[in-house]
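A.B. asks: Just so it is clear, I am handing over work_22.txt, which has compact mmCIF, C-alpha atoms.
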```
# COMPACT_ATOMS: atom_id res chain seq x y z
CA MET A 5 -42.03 21.54 -37.19
CA GLN A 6 -39.44 18.88 -37.90
CA LYS A 7 -36.82 17.09 -35.85
CA LYS A 8 -33.21 18.19 -36.16
CA ASP A 9 -31.93 14.66 -36.74
CA VAL A 10 -31.14 13.74 -40.33
CA SER A 11 -33.13 10.90 -41.89
CA PRO A 12 -31.42 8.04 -43.74
CA HIS A 13 -30.14 8.66 -47.28
CA GLY A 14 -30.25 12.47 -46.94
CA PHE A 15 -34.02 13.06 -46.98
CA LEU A 16 -35.86 15.64 -44.88
CA PRO A 17 -36.12 14.87 -41.17
CA SER A 18 -39.36 13.13 -40.17
CA PHE A 19 -42.37 15.19 -39.07
CA GLN A 20 -42.39 15.82 -35.34
CA HIS A 21 -44.89 13.98 -33.07
CA PHE A 22 -46.17 11.90 -36.03
CA ALA A 23 -46.64 8.55 -34.24
CA THR A 24 -48.09 10.26 -31.16
CA GLN A 25 -50.67 12.10 -33.25
CA ALA A 26 -51.56 8.96 -35.22
CA ILE A 27 -52.28 7.15 -31.95
CA HIS A 28 -53.99 9.89 -29.93
CA VAL A 29 -55.61 12.66 -32.03
CA GLY A 30 -59.39 12.16 -32.27
CA GLN A 31 -59.22 9.08 -30.07
CA GLU A 32 -59.83 10.68 -26.64
CA PRO A 33 -61.66 8.22 -24.30
CA GLU A 34 -63.49 11.17 -22.69
CA GLN A 35 -65.70 11.57 -25.78
CA TRP A 36 -67.50 8.30 -24.94
CA ASN A 37 -69.69 7.63 -21.91
CA SER A 38 -67.91 4.29 -21.59
CA GLN A 39 -64.45 5.98 -21.66
CA ALA A 40 -63.43 3.41 -24.31
CA VAL A 41 -59.73 3.63 -25.17
CA VAL A 42 -60.37 2.25 -28.67
CA PRO A 43 -63.09 4.24 -30.49
CA PRO A 44 -66.21 2.05 -30.81
CA ILE A 45 -67.82 1.17 -34.14
CA SER A 46 -70.93 3.33 -34.32
CA LEU A 47 -73.16 1.35 -36.68
CA SER A 48 -76.34 3.33 -36.03
CA THR A 49 -77.63 5.11 -39.12
CA THR A 50 -79.71 7.58 -37.10
CA PHE A 51 -79.38 9.49 -33.80
CA LYS A 52 -81.93 10.61 -31.23
CA GLN A 53 -82.74 14.32 -31.17
CA GLY A 54 -83.52 16.25 -27.99
CA ALA A 55 -86.23 18.24 -29.77
CA PRO A 56 -87.19 18.67 -33.43
CA GLY A 57 -84.10 19.94 -35.26
CA GLN A 58 -81.95 19.84 -32.10
CA HIS A 59 -79.32 17.10 -32.30
CA SER A 60 -76.13 16.58 -30.34
CA GLY A 61 -73.76 16.62 -33.33
CA PHE A 62 -75.15 13.69 -35.30
CA GLU A 63 -78.45 13.17 -37.08
CA TYR A 64 -77.90 10.72 -39.97
CA SER A 65 -74.82 8.60 -40.57
CA ARG A 66 -74.18 9.77 -44.13
CA SER A 67 -73.95 13.36 -42.85
CA GLY A 68 -71.67 12.48 -39.96
CA ASN A 69 -70.70 9.45 -37.92
CA PRO A 70 -68.77 9.24 -34.61
CA THR A 71 -66.34 6.56 -35.87
CA ARG A 72 -65.68 8.49 -39.10
CA ASN A 73 -65.12 11.67 -37.08
CA CYS A 74 -62.28 10.01 -35.16
CA LEU A 75 -60.35 9.08 -38.27
CA GLU A 76 -60.98 12.44 -40.00
CA LYS A 77 -59.47 14.27 -37.01
CA ALA A 78 -56.44 11.96 -36.92
CA VAL A 79 -55.76 12.28 -40.67
CA ALA A 80 -56.03 16.07 -40.51
CA ALA A 81 -53.34 16.11 -37.82
CA LEU A 82 -51.03 13.84 -39.83
CA ASP A 83 -51.44 15.96 -42.97
CA GLY A 84 -50.77 19.17 -41.03
CA ALA A 85 -54.29 20.19 -42.10
CA LYS A 86 -57.24 21.86 -40.43
CA TYR A 87 -59.77 19.47 -41.94
CA SER A 88 -59.98 16.00 -43.43
CA LEU A 89 -62.89 14.17 -45.05
CA ALA A 90 -63.29 10.43 -45.64
CA PHE A 91 -64.87 8.89 -48.74
CA ALA A 92 -65.91 5.43 -49.92
CA SER A 93 -62.84 5.10 -52.19
CA GLY A 94 -60.03 7.13 -53.71
CA LEU A 95 -62.13 7.59 -56.85
CA ALA A 96 -65.11 8.67 -54.74
CA ALA A 97 -62.82 11.40 -53.36
CA THR A 98 -61.74 12.29 -56.92
CA THR A 99 -65.36 12.46 -58.12
CA THR A 100 -66.37 14.66 -55.18
CA ILE A 101 -63.45 17.07 -55.77
CA THR A 102 -64.40 17.27 -59.47
CA HIS A 103 -67.91 18.37 -58.43
CA LEU A 104 -66.35 21.65 -57.27
CA LEU A 105 -66.25 22.53 -61.01
CA LYS A 106 -68.90 23.26 -63.64
CA ALA A 107 -69.28 22.51 -67.36
CA GLY A 108 -66.77 24.46 -69.45
CA ASP A 109 -64.07 24.44 -66.76
CA GLN A 110 -60.69 22.94 -67.61
CA ILE A 111 -58.78 20.35 -65.57
CA ILE A 112 -55.05 19.99 -66.15
CA CYS A 113 -54.01 16.50 -65.07
CA MET A 114 -50.49 15.10 -64.79
CA ASP A 115 -49.93 12.90 -67.84
CA ASP A 116 -48.64 9.97 -65.78
CA VAL A 117 -51.32 9.10 -63.20
CA TYR A 118 -53.17 6.19 -61.68
CA GLY A 119 -55.15 4.40 -64.42
CA GLY A 120 -58.47 4.97 -62.62
CA THR A 121 -57.89 8.73 -62.44
CA ASN A 122 -57.00 8.79 -66.14
CA ARG A 123 -60.12 6.77 -67.01
CA TYR A 124 -62.40 8.94 -64.83
CA PHE A 125 -61.20 12.23 -66.31
CA ARG A 126 -60.98 10.92 -69.88
CA GLN A 127 -64.21 8.89 -70.09
CA VAL A 128 -66.51 10.26 -67.38
CA ALA A 129 -65.73 13.87 -66.40
CA SER A 130 -65.23 14.87 -70.06
CA GLU A 131 -68.80 13.69 -70.79
CA PHE A 132 -70.12 16.31 -68.33
CA GLY A 133 -68.59 19.21 -70.25
CA LEU A 134 -65.29 19.45 -68.38
CA LYS A 135 -62.21 20.00 -70.55
CA ILE A 136 -59.35 17.66 -69.66
CA SER A 137 -55.71 18.26 -70.63
CA PHE A 138 -52.99 15.76 -69.79
CA VAL A 139 -49.69 17.57 -69.23
CA ASP A 140 -46.24 16.65 -67.88
CA CYS A 141 -46.42 18.84 -64.77
CA SER A 142 -42.91 17.78 -63.73
CA LYS A 143 -41.90 20.47 -66.26
CA THR A 144 -43.35 23.73 -64.90
CA LYS A 145 -42.99 25.39 -68.33
CA CYS A 146 -45.38 22.77 -69.78
CA LEU A 147 -47.83 23.41 -66.93
CA GLU A 148 -47.58 27.18 -67.40
CA ALA A 149 -48.21 26.85 -71.14
CA ALA A 150 -51.32 24.69 -70.57
CA ILE A 151 -53.10 27.12 -68.21
CA THR A 152 -55.99 29.04 -69.79
CA PRO A 153 -58.69 31.37 -68.37
CA GLU A 154 -60.90 28.23 -68.14
CA THR A 155 -58.41 26.32 -65.98
CA LYS A 156 -59.95 25.75 -62.55
CA LEU A 157 -58.15 22.65 -61.25
CA VAL A 158 -54.66 21.16 -61.59
CA TRP A 159 -54.24 17.51 -60.56
CA ILE A 160 -50.81 16.09 -59.87
CA GLU A 161 -49.46 12.83 -58.49
CA THR A 162 -45.97 12.61 -57.06
CA PRO A 163 -44.37 10.19 -57.40
CA THR A 164 -46.44 9.16 -60.41
CA ASN A 165 -47.98 5.77 -60.99
CA PRO A 166 -46.28 3.66 -62.29
CA SER A 167 -43.28 5.63 -63.63
CA LEU A 168 -42.36 7.15 -60.23
CA LYS A 169 -41.72 10.57 -61.77
CA MET A 170 -41.39 13.28 -59.10
CA VAL A 171 -43.23 16.59 -59.39
CA ASP A 172 -42.03 19.74 -57.60
CA ILE A 173 -45.15 20.59 -55.59
CA ALA A 174 -43.91 24.03 -54.45
CA ALA A 175 -42.99 25.02 -58.02
CA CYS A 176 -46.40 23.86 -59.29
CA ALA A 177 -48.14 25.78 -56.50
CA ARG A 178 -46.29 28.99 -57.43
CA THR A 179 -47.14 28.54 -61.11
CA VAL A 180 -50.81 27.73 -60.48
CA HIS A 181 -51.57 30.32 -57.82
CA LYS A 182 -50.22 33.30 -59.74
CA HIS A 183 -53.13 32.69 -62.15
CA GLY A 184 -55.73 33.31 -59.46
CA ASP A 185 -58.51 30.98 -58.45
CA ILE A 186 -57.13 27.58 -59.55
CA ILE A 187 -57.24 24.64 -57.14
CA LEU A 188 -54.07 22.54 -56.90
CA VAL A 189 -54.74 18.92 -55.92
CA VAL A 190 -51.96 16.50 -55.01
CA ASP A 191 -52.65 12.77 -54.96
CA ASN A 192 -50.38 11.72 -52.08
CA THR A 193 -51.29 8.01 -52.20
CA PHE A 194 -47.78 6.68 -52.92
CA MET A 195 -45.94 8.77 -50.30
CA SER A 196 -48.53 8.72 -47.49
CA ALA A 197 -48.70 11.46 -44.86
CA TYR A 198 -45.53 10.04 -43.29
CA PHE A 199 -43.22 10.89 -46.21
CA GLN A 200 -44.81 14.01 -47.75
CA ARG A 201 -47.04 16.93 -46.76
CA PRO A 202 -48.41 18.58 -49.93
CA LEU A 203 -50.40 21.27 -48.09
CA ALA A 204 -47.22 22.59 -46.45
CA LEU A 205 -45.70 22.87 -49.94
CA GLY A 206 -48.56 24.99 -51.30
CA ALA A 207 -51.20 22.50 -52.47
CA ASP A 208 -54.86 23.38 -51.80
CA ILE A 209 -56.05 19.77 -51.51
CA CYS A 210 -54.18 16.63 -50.47
CA MET A 211 -56.02 13.45 -51.42
CA TYR A 212 -55.42 9.72 -51.03
CA SER A 213 -56.61 6.37 -51.99
CA ALA A 214 -56.44 5.39 -48.31
CA THR A 215 -56.83 1.79 -49.48
CA LYS A 216 -53.05 1.80 -50.00
CA TYR A 217 -50.38 2.87 -47.48
CA MET A 218 -52.57 4.93 -45.18
CA ASN A 219 -54.62 1.85 -44.20
CA GLY A 220 -51.81 -0.52 -45.09
CA HIS A 221 -53.58 -3.85 -44.61
CA SER A 222 -55.31 -4.44 -47.99
CA ASP A 223 -58.68 -4.84 -46.28
CA VAL A 224 -60.33 -1.42 -46.68
CA VAL A 225 -61.31 0.59 -49.77
CA MET A 226 -61.37 4.29 -48.82
CA GLY A 227 -60.49 7.80 -49.96
CA LEU A 228 -59.33 10.87 -48.02
CA VAL A 229 -59.21 14.61 -48.68
CA SER A 230 -57.38 17.13 -46.47
CA VAL A 231 -57.59 20.94 -46.72
CA ASN A 232 -56.75 24.10 -44.79
CA SER A 233 -59.16 26.45 -46.56
CA GLU A 234 -62.39 27.13 -44.68
CA SER A 235 -64.37 27.71 -47.89
CA LEU A 236 -63.01 24.58 -49.63
CA HIS A 237 -63.82 22.54 -46.54
CA LYS A 238 -67.37 23.89 -46.42
CA LYS A 239 -67.95 23.08 -50.11
CA LEU A 240 -66.42 19.60 -49.84
CA ARG A 241 -68.36 18.80 -46.65
CA PHE A 242 -71.57 19.80 -48.46
CA LEU A 243 -70.64 17.59 -51.43
CA GLN A 244 -69.63 14.69 -49.18
CA ASN A 245 -73.15 14.72 -47.72
CA SER A 246 -74.96 15.56 -50.99
CA ILE A 247 -73.22 12.98 -53.19
CA GLY A 248 -73.06 10.50 -50.32
CA ALA A 249 -69.95 8.50 -51.28
CA VAL A 250 -68.99 7.87 -47.66
CA PRO A 251 -67.22 4.90 -46.03
CA SER A 252 -68.96 2.51 -43.65
CA PRO A 253 -68.34 2.84 -39.89
CA PHE A 254 -66.72 -0.61 -39.88
CA ASP A 255 -64.24 0.45 -42.59
CA CYS A 256 -63.56 3.62 -40.61
CA TYR A 257 -62.76 1.51 -37.55
CA LEU A 258 -60.37 -0.73 -39.53
CA PHE A 259 -58.66 2.28 -41.12
CA ASN A 260 -58.33 4.00 -37.75
CA ARG A 261 -56.56 0.90 -36.49
CA GLY A 262 -54.28 0.72 -39.53
CA LEU A 263 -53.27 4.35 -39.06
CA LYS A 264 -51.79 3.63 -35.65
CA THR A 265 -48.84 1.75 -37.19
CA LEU A 266 -48.34 4.05 -40.20
CA GLN A 267 -44.97 5.35 -38.99
CA ILE A 268 -43.34 1.99 -38.27
CA ARG A 269 -44.83 0.49 -41.44
CA MET A 270 -43.50 3.27 -43.68
CA GLN A 271 -40.05 3.07 -42.11
CA LYS A 272 -39.91 -0.66 -42.94
CA HIS A 273 -41.33 -0.10 -46.46
CA PHE A 274 -38.51 2.41 -47.04
CA GLU A 275 -35.86 0.00 -45.77
CA ASN A 276 -37.18 -2.91 -47.86
CA GLY A 277 -37.92 -0.77 -50.93
CA MET A 278 -34.38 0.59 -50.95
CA ALA A 279 -32.90 -2.92 -50.56
CA VAL A 280 -34.99 -4.25 -53.48
CA ALA A 281 -34.15 -1.23 -55.68
CA GLN A 282 -30.40 -1.60 -55.01
CA PHE A 283 -30.57 -5.36 -55.65
CA LEU A 284 -32.38 -4.88 -58.97
CA GLU A 285 -30.01 -2.11 -60.06
CA SER A 286 -27.02 -4.41 -59.59
CA ASN A 287 -28.67 -7.33 -61.45
CA PRO A 288 -27.56 -7.86 -65.09
CA LEU A 289 -30.99 -9.27 -66.03
CA VAL A 290 -32.59 -5.88 -65.33
CA GLU A 291 -32.61 -3.08 -67.93
CA LYS A 292 -33.41 -0.13 -65.66
CA VAL A 293 -34.68 0.59 -62.13
CA ILE A 294 -36.83 3.58 -61.16
CA TYR A 295 -36.86 4.44 -57.44
CA PRO A 296 -36.73 8.02 -56.09
CA GLY A 297 -34.49 6.84 -53.24
CA LEU A 298 -31.69 5.86 -55.66
CA PRO A 299 -29.13 8.46 -56.77
CA SER A 300 -29.76 7.20 -60.34
CA HIS A 301 -33.34 8.55 -60.26
CA PRO A 302 -33.40 11.73 -62.41
CA GLN A 303 -35.23 13.66 -59.67
CA HIS A 304 -33.46 12.16 -56.67
CA GLU A 305 -32.44 15.62 -55.39
CA LEU A 306 -36.05 16.85 -55.60
CA ALA A 307 -37.20 13.79 -53.66
CA LYS A 308 -34.69 14.60 -50.91
CA ARG A 309 -35.84 18.24 -50.78
CA GLN A 310 -39.55 17.42 -50.73
CA CYS A 311 -39.92 14.15 -48.81
CA THR A 312 -38.83 12.53 -45.56
CA GLY A 313 -38.18 9.21 -47.32
CA CYS A 314 -39.57 6.85 -49.94
CA PRO A 315 -42.26 4.14 -49.87
CA GLY A 316 -41.93 0.54 -51.08
CA MET A 317 -42.93 1.27 -54.69
CA VAL A 318 -40.22 0.11 -57.10
CA THR A 319 -40.60 0.06 -60.88
CA PHE A 320 -38.18 -1.69 -63.21
CA TYR A 321 -37.76 -2.84 -66.80
CA ILE A 322 -36.80 -6.48 -67.15
CA LYS A 323 -34.46 -7.31 -70.03
CA GLY A 324 -36.22 -9.10 -72.88
CA THR A 325 -39.84 -9.14 -74.00
CA LEU A 326 -43.39 -9.49 -72.64
CA GLN A 327 -42.70 -13.22 -72.33
CA HIS A 328 -39.77 -12.58 -69.99
CA ALA A 329 -41.93 -10.24 -67.86
CA GLU A 330 -44.76 -12.78 -67.66
CA THR A 331 -42.37 -15.65 -66.81
CA PHE A 332 -40.81 -13.52 -64.05
CA LEU A 333 -44.23 -12.75 -62.55
CA LYS A 334 -45.39 -16.39 -62.76
CA ASN A 335 -42.26 -17.60 -60.95
CA LEU A 336 -42.51 -15.27 -57.95
CA LYS A 337 -43.28 -17.22 -54.78
CA LEU A 338 -43.37 -14.56 -52.06
CA PHE A 339 -44.58 -11.60 -54.12
CA THR A 340 -48.24 -12.03 -55.11
CA LEU A 341 -49.30 -11.21 -58.66
CA ALA A 342 -52.08 -8.72 -57.92
CA GLU A 343 -53.21 -5.14 -58.45
CA SER A 344 -53.21 -2.46 -55.73
CA LEU A 345 -50.33 -1.60 -53.42
CA GLY A 346 -49.28 -0.31 -50.02
CA GLY A 347 -50.23 -3.32 -47.91
CA TYR A 348 -47.96 -5.27 -45.55
CA GLU A 349 -47.69 -8.03 -48.18
CA SER A 350 -45.48 -7.71 -51.28
CA LEU A 351 -47.25 -7.46 -54.63
CA ALA A 352 -46.07 -7.44 -58.25
CA GLU A 353 -47.92 -6.48 -61.42
CA LEU A 354 -47.60 -5.63 -65.11
CA PRO A 355 -49.19 -2.17 -65.54
CA ALA A 356 -49.59 -2.37 -69.36
CA ILE A 357 -51.94 -5.35 -68.98
CA MET A 358 -53.29 -4.78 -65.47
CA THR A 359 -53.63 -1.41 -63.65
CA HIS A 360 -53.07 0.78 -66.72
CA ALA A 361 -54.82 -1.32 -69.37
CA SER A 362 -57.56 1.37 -69.61
CA VAL A 363 -54.97 3.99 -70.62
CA PRO A 364 -54.82 4.18 -74.45
CA LYS A 365 -51.78 2.34 -75.86
CA SER A 366 -50.47 5.45 -77.61
CA HIS A 367 -50.54 7.26 -74.27
CA ARG A 368 -48.85 4.32 -72.53
CA ASP A 369 -46.09 4.31 -75.15
CA VAL A 370 -45.35 8.00 -74.53
CA LEU A 371 -45.19 7.36 -70.77
CA GLY A 372 -42.87 4.37 -71.17
CA ILE A 373 -45.43 1.89 -69.81
CA SER A 374 -44.14 -0.95 -71.97
CA ASP A 375 -44.70 -4.71 -71.80
CA THR A 376 -41.46 -5.14 -69.82
CA LEU A 377 -42.27 -2.51 -67.14
CA ILE A 378 -42.95 -4.26 -63.83
CA ARG A 379 -44.29 -2.50 -60.72
CA LEU A 380 -43.48 -3.87 -57.28
CA SER A 381 -45.18 -2.93 -54.03
CA VAL A 382 -42.53 -4.07 -51.56
CA GLY A 383 -44.09 -5.20 -48.28
CA LEU A 384 -42.91 -5.78 -44.74
CA GLU A 385 -41.46 -9.28 -45.05
CA ASP A 386 -37.81 -10.04 -44.21
CA LYS A 387 -35.79 -8.32 -46.91
CA GLU A 388 -33.46 -11.31 -47.43
CA ASP A 389 -36.50 -13.42 -48.38
CA LEU A 390 -37.74 -10.75 -50.79
CA LEU A 391 -34.36 -10.47 -52.53
CA GLU A 392 -34.09 -14.25 -52.81
CA ASP A 393 -37.55 -14.44 -54.40
CA ILE A 394 -36.79 -11.71 -56.96
CA GLY A 395 -33.42 -13.28 -57.75
CA GLN A 396 -34.82 -16.75 -58.46
CA ALA A 397 -37.71 -15.34 -60.56
CA LEU A 398 -35.28 -13.29 -62.69
CA LYS A 399 -33.16 -16.39 -63.29
CA ALA A 400 -36.25 -18.40 -64.20
CA ALA A 401 -37.38 -15.70 -66.67
CA HIS A 402 -34.03 -15.83 -68.46
CA SER A 403 -33.38 -19.57 -68.27
CA PRO A 404 -32.94 -21.28 -71.66
CA ASN A 405 -35.91 -23.59 -70.91
CA ALA A 406 -38.30 -20.74 -70.06
CA HIS A 407 -39.25 -19.72 -73.61
```
Output the file's structure in the form of structure tokens.

C.D. replies:
Amino acid sequence: MQKKDVSPHGFLPSFQHFATQAIHVGQEPEQWNSQAVVPPISLSTTFKQGAPGQHSGFEYSRSGNPTRNCLEKAVAALDGAKYSLAFASGLAATTTITHLLKAGDQIICMDDVYGGTNRYFRQVASEFGLKISFVDCSKTKCLEAAITPETKLVWIETPTNPSLKMVDIAACARTVHKHGDIILVVDNTFMSAYFQRPLALGADICMYSATKYMNGHSDVVMGLVSVNSESLHKKLRFLQNSIGAVPSPFDCYLFNRGLKTLQIRMQKHFENGMAVAQFLESNPLVEKVIYPGLPSHPQHELAKRQCTGCPGMVTFYIKGTLQHAETFLKNLKLFTLAESLGGYESLAELPAIMTHASVPKSHRDVLGISDTLIRLSVGLEDKEDLLEDIGQALKAAHSPNAH
């Protein structure tokens, strides 16, 4: 269900009751003897049993924890899912999902993905007998052509990291599911549950590095997986317990708190991200700007059909060379030069040398991850201050004395 009001810039209307669900689902005071309004941090690793083998829902904290339960229920509601599972990191979630497969199975992965996903599939999963193919899934004909009888999982990111390429989730789902028992996974890290619901568009699994927008405070490393399928949930719950890559109760508490402001944070990220993208696009010292919220983005219409808005991720090519890019990054005062994204603070990085350094150079060249590609995670500061900072750093990068 969605509101009838139109969102800014022609995107889908926002999901109904989102903020209410983020604040209340799974947080009921009645579940605690103390009637605590804020779910307590349950640090106990073990739980008393009434009789041998008779527990009251919890036996060992890896298998299930009251604080983790609260956040898993809330995330499921926000994803429009029946079930959600929390993991120790986004890559822990990725590893656990991959354990649904066996040696000889093929994974088709979007060619432009987070560097850690690329590294895991290329250098770890492939060593266990899984066949990995990197394909541009934004072109459904390429995806269709790559599917074989061994294909068991298709992994897409939309928008992609760092090139912000959009993938039509519904079109991918139609292509994948007509081939039978193939699992479609969407990494929804960049959009968050506020801007995109992959399960409603036909995906089987929606996953996140919750470290980013979902937590939003750069103080928790966590992964999330949401599903509607009973059998997938059962298998993943078994793997979550068997592999054991679960988050700590304290991290669950912090994430649960971060989730409460997801709606107002994402609205501000959208506002600031759009302002930065428009500013960069009008600046003569910038070669090209990539932001799905701009009409100049090649898949802008798809973004409007599929999403309720855009996050604060803006990618651009600075005019010049690696030296210009490095000088720009060194001269930023408000933006911090750092990896990661999705926090309240603004960050800037150079993917070719930082987040995507593990991606082979030949692969980076094909994807356009050049030495002048800069990725910004636009935070929640006053937008005038952000624009001023970018403006002065661009001038410094192109000043005659800079090189």

A.B. asks: Listed atoms of stretch 243-247 of chain A, axis-aligned box, 6 Å per side: centre and edge lengths to one decimal in Å, as AutoDock Vina command-line options?

C.D. replies:
```
--center_x -72.3 --center_y 15.3 --center_z -50.5 --size_x 17.3 --size_y 16.6 --size_z 17.5
```

A.B. asks: Could you give me, as a count of residues only, the residues within 9 Å of A:Leu104, counting all atoms listed in the file and dropping anything in the same chain fewer than 2 positions from it?

C.D. replies: 8

A.B. asks: Nearest to A:Pro44: which of A:Cys146, A:Leu157, A:Leu351, A:Cys74 is it, counting all atoms listed in the file?

C.D. replies: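 With all atoms listed in the file as the atom set, the closest residue is A:Cys74.
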
A.B. asks: Counting all atoms listed in the file, which of A:Ser196, A:Gln39, A:Thr152, A:Asn232 gets nearest to A:Tyr87?

C.D. replies: A:Asn232

A.B. asks: Identify, on the basis of all atoms listed in the file, every residue whose closest approach to A:Tyr212 does not exceed 12 Å; exclude the query and any residue fewer than 4 positions from it along the same chain; express the result as number ranges by chain.

C.D. replies: A: 79, 83, 88-98, 101, 118, 121, 160-162, 189-197, 200-202, 216-219, 225-230, 346

A.B. asks: Can you pull out the residues contacting A:Lys272? Cut-off 12 Å, using only C-alpha atoms, and skip same-chain residues under 6 positions away; I want them as a ChimeraX atom specification.

C.D. replies: /A:217,265-266,278-279,313-316,346-349,382-387

A.B. asks: Grab the atom CA of A:Ala177 to atom CA of A:Cys141 distance for me, in Å with one decimal place.

C.D. replies: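 A separation of 10.9 Å between them.
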
A.B. asks: Set the distance at 12 Å and use only C-alpha atoms: which residues neighbour stretch 14-16 of chain A once local chain neighbours fewer than 2 positions away are removed? I'd like the list as a PyMOL selection string.

C.D. replies: chain A and resi 5-12+18-20+198-201+274+296-299+304-314

A.B. asks: Report as a ChimeraX atom specification all protein, DNA and RNA residues lying within 9 Å of stretch 46-50 of chain A, evaluated on all atoms listed in the file, omitting residues in the same chain fewer than 3 positions from it.

C.D. replies: /A:43,62-66,69-72,252-254,257

A.B. asks: Looking at A:His367, A:Arg261, A:Lys169, A:His181, which one is nearest to A:Met317, with distances taken over all atoms listed in the file?

C.D. replies: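 The answer is A:Lys169, which sits nearest to A:Met317.
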
A.B. asks: Mind giving me the straight-line distance from atom CA of A:Lys337 to atom CA of A:Glu392 in Å, one decimal?

C.D. replies: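 Atom CA of A:Glu392 lies at a distance of 9.9 Å from atom CA of A:Lys337.
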
A.B. asks: One decimal, in Å: what's the spacing between atom CA of A:Val250 and atom CA of A:Lys156?

C.D. replies: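 For atom CA of A:Val250 relative to atom CA of A:Lys156, the distance reads 25.0 Å.
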
A.B. asks: From the set A:Ala204, A:Leu380, A:Ala78, A:Leu105, which residue has the shortest atom-to-atom contact distance to A:Gly277, counting only C-alpha atoms?

C.D. replies: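 Closest to A:Gly277, using only C-alpha atoms: A:Leu380.
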
A.B. asks: For A:Ser222, which residue among A:Met114, A:His301, A:Arg241, A:Ser344 is the nearest when counting only C-alpha atoms?

C.D. replies: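 Counting only C-alpha atoms, the residue closest to A:Ser222 is A:Ser344.
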